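Containing PDB, C-alpha atoms: upload.pdb.
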```pdb
ATOM      1  CA  MET A  28      57.987  -6.595 -84.118
ATOM      2  CA  SER A  29      61.049  -4.454 -83.872
ATOM      3  CA  PRO A  30      63.459  -4.653 -80.909
ATOM      4  CA  ALA A  31      62.511  -1.098 -79.944
ATOM      5  CA  THR A  32      58.836  -2.016 -79.770
ATOM      6  CA  ILE A  33      59.606  -5.108 -77.706
ATOM      7  CA  ALA A  34      61.710  -3.041 -75.309
ATOM      8  CA  ALA A  35      58.900  -0.491 -74.997
ATOM      9  CA  LEU A  36      56.387  -3.248 -74.267
ATOM     10  CA  ARG A  37      58.676  -4.739 -71.643
ATOM     11  CA  GLY A  38      59.018  -1.334 -69.996
ATOM     12  CA  MET A  39      55.241  -0.901 -69.957
ATOM     13  CA  ILE A  40      54.724  -4.370 -68.459
ATOM     14  CA  LYS A  41      57.304  -3.698 -65.745
ATOM     15  CA  GLU A  42      55.638  -0.358 -64.973
ATOM     16  CA  GLU A  43      52.218  -2.040 -64.696
ATOM     17  CA  ILE A  44      53.648  -4.744 -62.438
ATOM     18  CA  ARG A  45      55.346  -2.109 -60.286
ATOM     19  CA  ALA A  46      52.136  -0.075 -60.039
ATOM     20  CA  GLY A  47      50.129  -3.207 -59.247
ATOM     21  CA  ASN A  48      52.540  -4.204 -56.519
ATOM     22  CA  GLU A  49      52.401  -0.738 -54.978
ATOM     23  CA  GLU A  50      48.586  -0.751 -55.037
ATOM     24  CA  MET A  51      48.500  -4.241 -53.527
ATOM     25  CA  GLU A  52      50.958  -3.152 -50.846
ATOM     26  CA  ARG A  53      48.837  -0.057 -50.111
ATOM     27  CA  VAL A  54      45.664  -2.164 -49.777
ATOM     28  CA  VAL A  55      47.383  -4.717 -47.520
ATOM     29  CA  VAL A  56      48.858  -2.002 -45.273
ATOM     30  CA  SER A  57      45.503  -0.219 -45.107
ATOM     31  CA  ARG A  58      43.699  -3.397 -44.086
ATOM     32  CA  MET A  59      46.345  -4.204 -41.497
ATOM     33  CA  GLU A  60      46.009  -0.719 -40.005
ATOM     34  CA  GLU A  61      42.225  -1.092 -39.889
ATOM     35  CA  ALA A  62      42.598  -4.423 -38.071
ATOM     36  CA  ILE A  63      45.248  -3.156 -35.662
ATOM     37  CA  ALA A  64      43.563   0.170 -34.777
ATOM     38  CA  PRO A  65      40.995  -1.342 -32.357
ATOM     39  CA  LEU A  66      43.759  -3.369 -30.704
ATOM     40  CA  LYS A  67      45.827  -0.213 -30.227
ATOM     41  CA  GLU A  68      42.817   1.521 -28.688
ATOM     42  CA  GLU A  69      42.171  -1.412 -26.336
ATOM     43  CA  LEU A  70      45.830  -1.485 -25.301
ATOM     44  CA  GLU A  71      45.763   2.270 -24.615
ATOM     45  CA  GLN A  72      42.620   1.909 -22.501
ATOM     46  CA  GLU A  73      44.174  -1.015 -20.643
ATOM     47  CA  ARG A  74      47.290   1.083 -20.002
ATOM     48  CA  GLU A  75      45.166   3.924 -18.608
ATOM     49  CA  HIS A  76      43.193   1.544 -16.371
ATOM     50  CA  ARG A  77      46.451   0.064 -15.088
ATOM     51  CA  LYS A  78      47.827   3.522 -14.289
ATOM     52  CA  LYS A  79      44.639   4.418 -12.405
ATOM     53  CA  LEU A  80      44.732   1.162 -10.472
ATOM     54  CA  GLU A  81      48.398   1.627  -9.548
ATOM     55  CA  HIS A  82      47.610   5.151  -8.376
ATOM     56  CA  ARG A  83      44.700   3.942  -6.243
ATOM     57  CA  ILE A  84      46.720   1.116  -4.725
ATOM     58  CA  GLY A  85      49.554   3.519  -3.923
ATOM     59  CA  ALA A  86      47.155   6.020  -2.347
ATOM     60  CA  LEU A  87      45.492   3.301  -0.285
ATOM     61  CA  GLU A  88      48.855   1.961   0.890
ATOM     62  CA  GLU A  89      49.809   5.476   2.011
ATOM     63  CA  VAL A  90      46.530   5.851   3.914
ATOM     64  CA  ILE A  91      47.011   2.499   5.652
ATOM     65  CA  LYS A  92      50.664   3.282   6.437
ATOM     66  CA  THR A  93      49.745   6.676   7.892
ATOM     67  CA  ARG A  94      46.926   5.307  10.037
ATOM     68  CA  ARG A  95      48.984   2.395  11.307
ATOM     69  CA  GLY A  96      51.852   4.732  12.116
ATOM     70  CA  GLY A  97      49.644   6.881  14.312
ATOM     71  CA  GLY A  98      48.306   4.054  16.345
ATOM     72  CA  GLY A  99      48.804   2.858  19.808
ATOM     73  CA  GLY A 100      48.018  -0.753  20.552
ATOM     74  CA  GLY A 101      44.265  -0.579  20.126
ATOM     75  CA  GLY A 102      43.968  -4.257  19.399
ATOM     76  CA  GLU A 103      42.663  -6.260  16.466
ATOM     77  CA  ASN A 104      39.442  -4.294  15.940
ATOM     78  CA  GLU A 105      41.347  -1.003  15.691
ATOM     79  CA  GLN A 106      43.719  -2.568  13.185
ATOM     80  CA  VAL A 107      40.821  -3.743  11.013
ATOM     81  CA  GLU A 108      39.314  -0.259  11.212
ATOM     82  CA  ALA A 109      42.637   1.292  10.205
ATOM     83  CA  ASP A 110      42.637  -0.766   7.007
ATOM     84  CA  VAL A 111      39.316   0.762   5.892
ATOM     85  CA  ASP A 112      39.671   4.073   4.095
ATOM     86  CA  LYS A 113      36.900   6.250   5.514
ATOM     87  CA  SER A 114      37.643   9.032   3.022
ATOM     88  CA  VAL A 115      36.057   6.759   0.397
ATOM     89  CA  VAL A 116      32.282   6.672  -0.093
ATOM     90  CA  VAL A 117      30.518   3.706  -1.718
ATOM     91  CA  VAL A 118      28.002   4.738  -4.403
ATOM     92  CA  GLY A 119      25.391   2.600  -6.174
ATOM     93  CA  GLY A 120      22.103   2.868  -8.026
ATOM     94  CA  PHE A 121      23.447   3.516 -11.536
ATOM     95  CA  GLY A 122      22.127   0.222 -12.953
ATOM     96  CA  GLU A 123      23.883  -1.965 -15.506
ATOM     97  CA  MET A 124      26.899  -0.142 -16.937
ATOM     98  CA  ASP A 125      30.429  -1.086 -17.881
ATOM     99  CA  ALA A 126      33.344   0.362 -15.930
ATOM    100  CA  ASP A 127      33.928   3.422 -18.143
ATOM    101  CA  ALA A 128      30.239   4.345 -18.333
ATOM    102  CA  ALA A 129      29.786   3.969 -14.554
ATOM    103  CA  GLU A 130      32.860   6.103 -13.803
ATOM    104  CA  LYS A 131      31.643   8.819 -16.169
ATOM    105  CA  TYR A 132      28.051   8.748 -14.876
ATOM    106  CA  VAL A 133      29.014   8.946 -11.208
ATOM    107  CA  GLY A 134      31.841  11.384 -11.983
ATOM    108  CA  ASP A 135      29.426  13.776 -13.723
ATOM    109  CA  VAL A 136      27.084  13.674 -10.710
ATOM    110  CA  PHE A 137      29.943  14.408  -8.286
ATOM    111  CA  ASP A 138      31.587  16.958 -10.554
ATOM    112  CA  ASP A 139      30.545  19.931  -8.418
ATOM    113  CA  VAL A 140      30.599  18.205  -5.013
ATOM    114  CA  GLU A 141      33.106  19.818  -2.689
ATOM    115  CA  GLY A 142      36.202  17.824  -1.728
ATOM    116  CA  VAL A 143      36.015  15.021  -4.323
ATOM    117  CA  GLU A 144      39.419  13.761  -5.468
ATOM    118  CA  GLU A 145      38.481  10.914  -7.788
ATOM    119  CA  VAL A 146      35.770   8.481  -8.852
ATOM    120  CA  TYR A 147      36.684   4.895  -9.690
ATOM    121  CA  VAL A 148      35.386   1.348 -10.003
ATOM    122  CA  THR A 149      37.183  -1.923  -9.361
ATOM    123  CA  ASN A 150      35.175  -4.263 -11.571
ATOM    124  CA  PRO A 151      34.563  -4.415 -15.370
ATOM    125  CA  GLU A 152      30.812  -4.719 -14.665
ATOM    126  CA  PRO A 153      30.496  -2.774 -11.403
ATOM    127  CA  VAL A 154      27.612  -2.846  -8.957
ATOM    128  CA  VAL A 155      29.065   0.081  -7.001
ATOM    129  CA  ALA A 156      31.546   2.874  -7.622
ATOM    130  CA  PHE A 157      33.912   4.521  -5.150
ATOM    131  CA  VAL A 158      34.311   8.245  -4.577
ATOM    132  CA  ARG A 159      37.434   9.408  -2.771
ATOM    133  CA  PHE A 160      37.227  12.652  -0.807
ATOM    134  CA  VAL A 161      40.088  14.763   0.498
ATOM    135  CA  SER A 162      39.445  13.590   4.065
ATOM    136  CA  ASP A 163      37.282  11.344   6.244
ATOM    137  CA  THR A 164      35.453  14.411   7.530
ATOM    138  CA  THR A 165      34.569  15.643   4.045
ATOM    139  CA  ALA A 166      33.249  12.191   3.093
ATOM    140  CA  LEU A 167      31.105  12.038   6.247
ATOM    141  CA  LYS A 168      29.813  15.552   5.583
ATOM    142  CA  PHE A 169      28.607  14.490   2.135
ATOM    143  CA  LEU A 170      26.957  11.331   3.506
ATOM    144  CA  ARG A 171      25.002  13.385   6.028
ATOM    145  CA  LYS A 172      23.824  15.857   3.392
ATOM    146  CA  GLN A 173      23.286  13.513   0.421
ATOM    147  CA  ARG A 174      19.485  13.713   0.606
ATOM    148  CA  ARG A 175      19.697  17.471   0.102
ATOM    149  CA  ASN A 176      21.783  17.141  -3.056
ATOM    150  CA  GLN A 177      19.176  17.421  -5.839
ATOM    151  CA  LYS A 178      21.532  16.361  -8.620
ATOM    152  CA  PHE A 179      22.456  13.240  -6.662
ATOM    153  CA  LYS A 180      18.785  12.408  -6.003
ATOM    154  CA  ASP A 181      17.777  12.997  -9.642
ATOM    155  CA  ALA A 182      20.500  10.574 -10.750
ATOM    156  CA  GLY A 183      18.894   7.823  -8.627
ATOM    157  CA  LEU A 184      22.097   7.155  -6.708
ATOM    158  CA  TRP A 185      22.667   6.135  -3.095
ATOM    159  CA  ALA A 186      25.810   6.491  -1.011
ATOM    160  CA  SER A 187      27.077   4.762   2.108
ATOM    161  CA  GLU A 188      30.111   4.704   4.344
ATOM    162  CA  ASN A 189      33.030   2.508   3.344
ATOM    163  CA  ARG A 190      32.976  -0.353   5.853
ATOM    164  CA  SER A 191      35.112  -3.321   6.826
ATOM    165  CA  VAL A 192      33.866  -6.891   6.435
ATOM    166  CA  GLU A 193      33.110  -6.996  10.179
ATOM    167  CA  GLU A 194      31.112  -3.765  10.021
ATOM    168  CA  ARG A 195      29.111  -4.976   7.019
ATOM    169  CA  ARG A 196      28.233  -8.135   8.938
ATOM    170  CA  ARG A 197      27.038  -6.095  11.926
ATOM    171  CA  VAL A 198      24.973  -3.827   9.661
ATOM    172  CA  LYS A 199      23.333  -6.873   8.094
ATOM    173  CA  ILE A 200      22.445  -8.219  11.542
ATOM    174  CA  LEU A 201      20.922  -4.851  12.487
ATOM    175  CA  SER A 202      18.740  -5.001   9.393
ATOM    176  CA  ILE A 203      17.679  -8.555  10.271
ATOM    177  CA  ILE A 204      16.744  -7.471  13.802
ATOM    178  CA  LYS A 205      14.599  -4.654  12.415
ATOM    179  CA  LYS A 206      12.890  -7.012   9.970
ATOM    180  CA  PHE A 207      12.158  -9.622  12.655
ATOM    181  CA  ALA A 208      11.037  -6.988  15.179
ATOM    182  CA  ILE A 209       8.383  -5.929  12.682
ATOM    183  CA  GLU A 210       7.397  -9.524  11.903
ATOM    184  CA  HIS A 211       7.512 -11.096  15.387
ATOM    185  CA  GLU A 212       6.866  -8.180  17.742
ATOM    186  CA  ASP A 213       4.275  -6.363  15.578
ATOM    187  CA  TYR A 214       6.155  -3.065  15.608
ATOM    188  CA  ASP A 215       5.473  -0.556  12.842
ATOM    189  CA  ALA A 216       8.543  -0.023  10.680
ATOM    190  CA  LYS A 217       8.718   3.655  11.695
ATOM    191  CA  ASN A 218       8.901   2.630  15.373
ATOM    192  CA  VAL A 219      12.033   0.497  14.957
ATOM    193  CA  VAL A 220      15.008   2.876  14.976
ATOM    194  CA  VAL A 221      18.363   1.500  13.844
ATOM    195  CA  ASN A 222      21.619   3.403  14.339
ATOM    196  CA  TYR A 223      24.143   2.015  11.875
ATOM    197  CA  ARG A 224      27.000   4.010  13.382
ATOM    198  CA  THR A 225      26.619   2.851  16.987
ATOM    199  CA  PHE A 226      25.161  -0.544  15.982
ATOM    200  CA  LYS A 227      22.169  -0.187  18.297
ATOM    201  CA  VAL A 228      18.439  -0.770  17.862
ATOM    202  CA  HIS A 229      15.753   1.183  19.715
ATOM    203  CA  VAL A 230      11.970   0.865  19.561
ATOM    204  CA  ARG A 231       9.359   3.525  20.217
ATOM    205  CA  ASN A 232       6.942   2.707  22.999
ATOM    206  CA  GLY A 233       4.491   5.562  23.186
ATOM    207  CA  ARG A 234       6.666   8.656  23.471
ATOM    208  CA  LYS A 235       9.650   6.769  24.852
ATOM    209  CA  LEU A 236      12.565   5.431  22.821
ATOM    210  CA  VAL A 237      13.506   2.099  24.400
ATOM    211  CA  HIS A 238      16.868   0.374  23.884
ATOM    212  CA  LEU A 239      16.368  -3.081  22.361
ATOM    213  CA  ASP A 240      19.867  -4.414  21.652
ATOM    214  CA  ASP A 241      23.498  -3.861  20.608
ATOM    215  CA  VAL A 242      25.380  -5.754  17.914
ATOM    216  CA  LEU A 243      28.903  -6.207  19.278
ATOM    217  CA  ASP A 244      32.276  -6.294  17.512
ATOM    218  CA  ASP A 245      32.195 -10.085  17.219
ATOM    219  CA  ALA A 246      28.705  -9.911  15.585
ATOM    220  CA  SER A 247      27.004 -11.276  18.701
ATOM    221  CA  VAL A 248      23.788  -9.625  19.878
ATOM    222  CA  LYS A 249      23.530  -8.202  23.389
ATOM    223  CA  TRP A 250      19.856  -7.873  24.263
ATOM    224  CA  ALA A 251      18.761  -5.121  26.619
ATOM    225  CA  GLU A 252      16.915  -6.129  29.768
ATOM    226  CA  GLY A 253      13.891  -4.474  31.280
ATOM    227  CA  GLU A 254      10.179  -4.046  30.966
ATOM    228  CA  HIS A 255      10.240  -3.691  27.177
ATOM    229  CA  SER A 256      12.961  -6.221  26.354
ATOM    230  CA  ALA A 257      12.769  -8.360  23.214
ATOM    231  CA  GLY A 258      10.523 -11.412  23.229
ATOM    232  CA  GLU A 259      11.903 -14.937  23.116
ATOM    233  CA  THR A 260      10.526 -15.511  19.598
ATOM    234  CA  LEU A 261      12.424 -12.505  18.273
ATOM    235  CA  LYS A 262      15.620 -13.478  20.115
ATOM    236  CA  GLY A 263      15.453 -17.053  18.839
ATOM    237  CA  ALA A 264      14.845 -16.030  15.213
ATOM    238  CA  VAL A 265      17.707 -13.522  15.241
ATOM    239  CA  GLU A 266      20.191 -15.807  17.009
ATOM    240  CA  GLU A 267      19.446 -18.629  14.552
ATOM    241  CA  VAL A 268      20.294 -16.380  11.595
ATOM    242  CA  VAL A 269      23.408 -14.976  13.300
ATOM    243  CA  GLU A 270      24.712 -18.494  13.983
ATOM    244  CA  GLU A 271      24.317 -19.385  10.300
ATOM    245  CA  MET A 272      26.112 -16.173   9.239
ATOM    246  CA  CYS A 273      29.068 -16.824  11.550
ATOM    247  CA  LEU A 274      29.622 -20.451  10.607
TER     248      LEU A 274
END
```
Starting from the file, lay out its structure as structure tokens.
Amino acid sequence: MSPATIAALRGMIKEEIRAGNEEMERVVVSRMEEAIAPLKEELEQEREHRKKLEHRIGALEEVIKTRRGGGGGGGENEQVEADVDKSVVVVGGFGEMDADAAEKYVGDVFDDVEGVEEVYVTNPEPVVAFVRFVSDTTALKFLRKQRRNQKFKDAGLWASENRSVEERRRVKILSIIKKFAIEHEDYDAKNVVVNYRTFKVHVRNGRKLVHLDDVLDDASVKWAEGEHSAGETLKGAVEEVVEEMCL
């Protein structure tokens, strides 16, 4: 074999090796990009979630700062109330969804509701979502009219006022009183009227609406006195449950 032929063969071998290396490099880079792409997407989503959370925390801090600044020595209960953002409405009923799906589902339902600023969740597998309105008044207006919102009803959602821990405890006690009034006093459910804003329970006696009790700020129950006051069985059952809740 002549030197020229050998040189040509060497050149061909080098070219094949170079081409093979380039192809191998292309395959390796392609596979790395395929493996990294989902991680990039997850990181981008995480970055967006963090931005949203920082925005919400900042907005909430501003609300708390504003409400505290306007205050005048109303005591501990007023301070607790000030820390609860009443421009936020709690929404549930969307079933089992992850955070993104729940935000989108609730956001689509509230898309044409007047005064909505944002919809968000605070848990990767949320039970409820939060809808922030432009003001407390706008949020309350929606709560009062939610049953007349056909899109909201068709979506199977429910909405309630954003409440403090103390308020939620009082609401739970009101519900217990209604339940026990039906069980122990033989009232029909429609004749036990609970006001979750004033934390009072009334019962219908004929055509009269009779005051049964108040649930106070400290979660204690103040029973009304009079001809149609609560029976001892009802009082005992309720007070037993309240004691357990407050332990």
### Task
Excluding Pro151 of chain A and any residue of its chain fewer than 4 positions from it, enumerate the residues within 10 Å of it, using only C-alpha atoms, and give them as a list in words.
Met124, Asp125, Ala126, Asp127 and Ala129 of chain A
### Message
Within 7 Å of (26.9, 7.0, -10.5) in the file's own coordinates, which protein, DNA or RNA residues have an atom, counting all atoms listed in the file? List them as a VMD selection string.
### Response
chain A and resid 118 to 121 129 to 130 132 to 134 136 156 184
#### Entry: A:Gln173, A:Lys180, A:His211, A:Ser191 ranked by distance to Leu261 of chain A, top pick (using all atoms listed in the file)
A:His211
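Relative to atom CA of Glu210 of chain A, atom CA of Ala264 of chain A is found at 10.4 Å.
Picture a line from atom CA of Val115 of chain A to atom CA of Val248 of chain A; it runs 28.3 Å.
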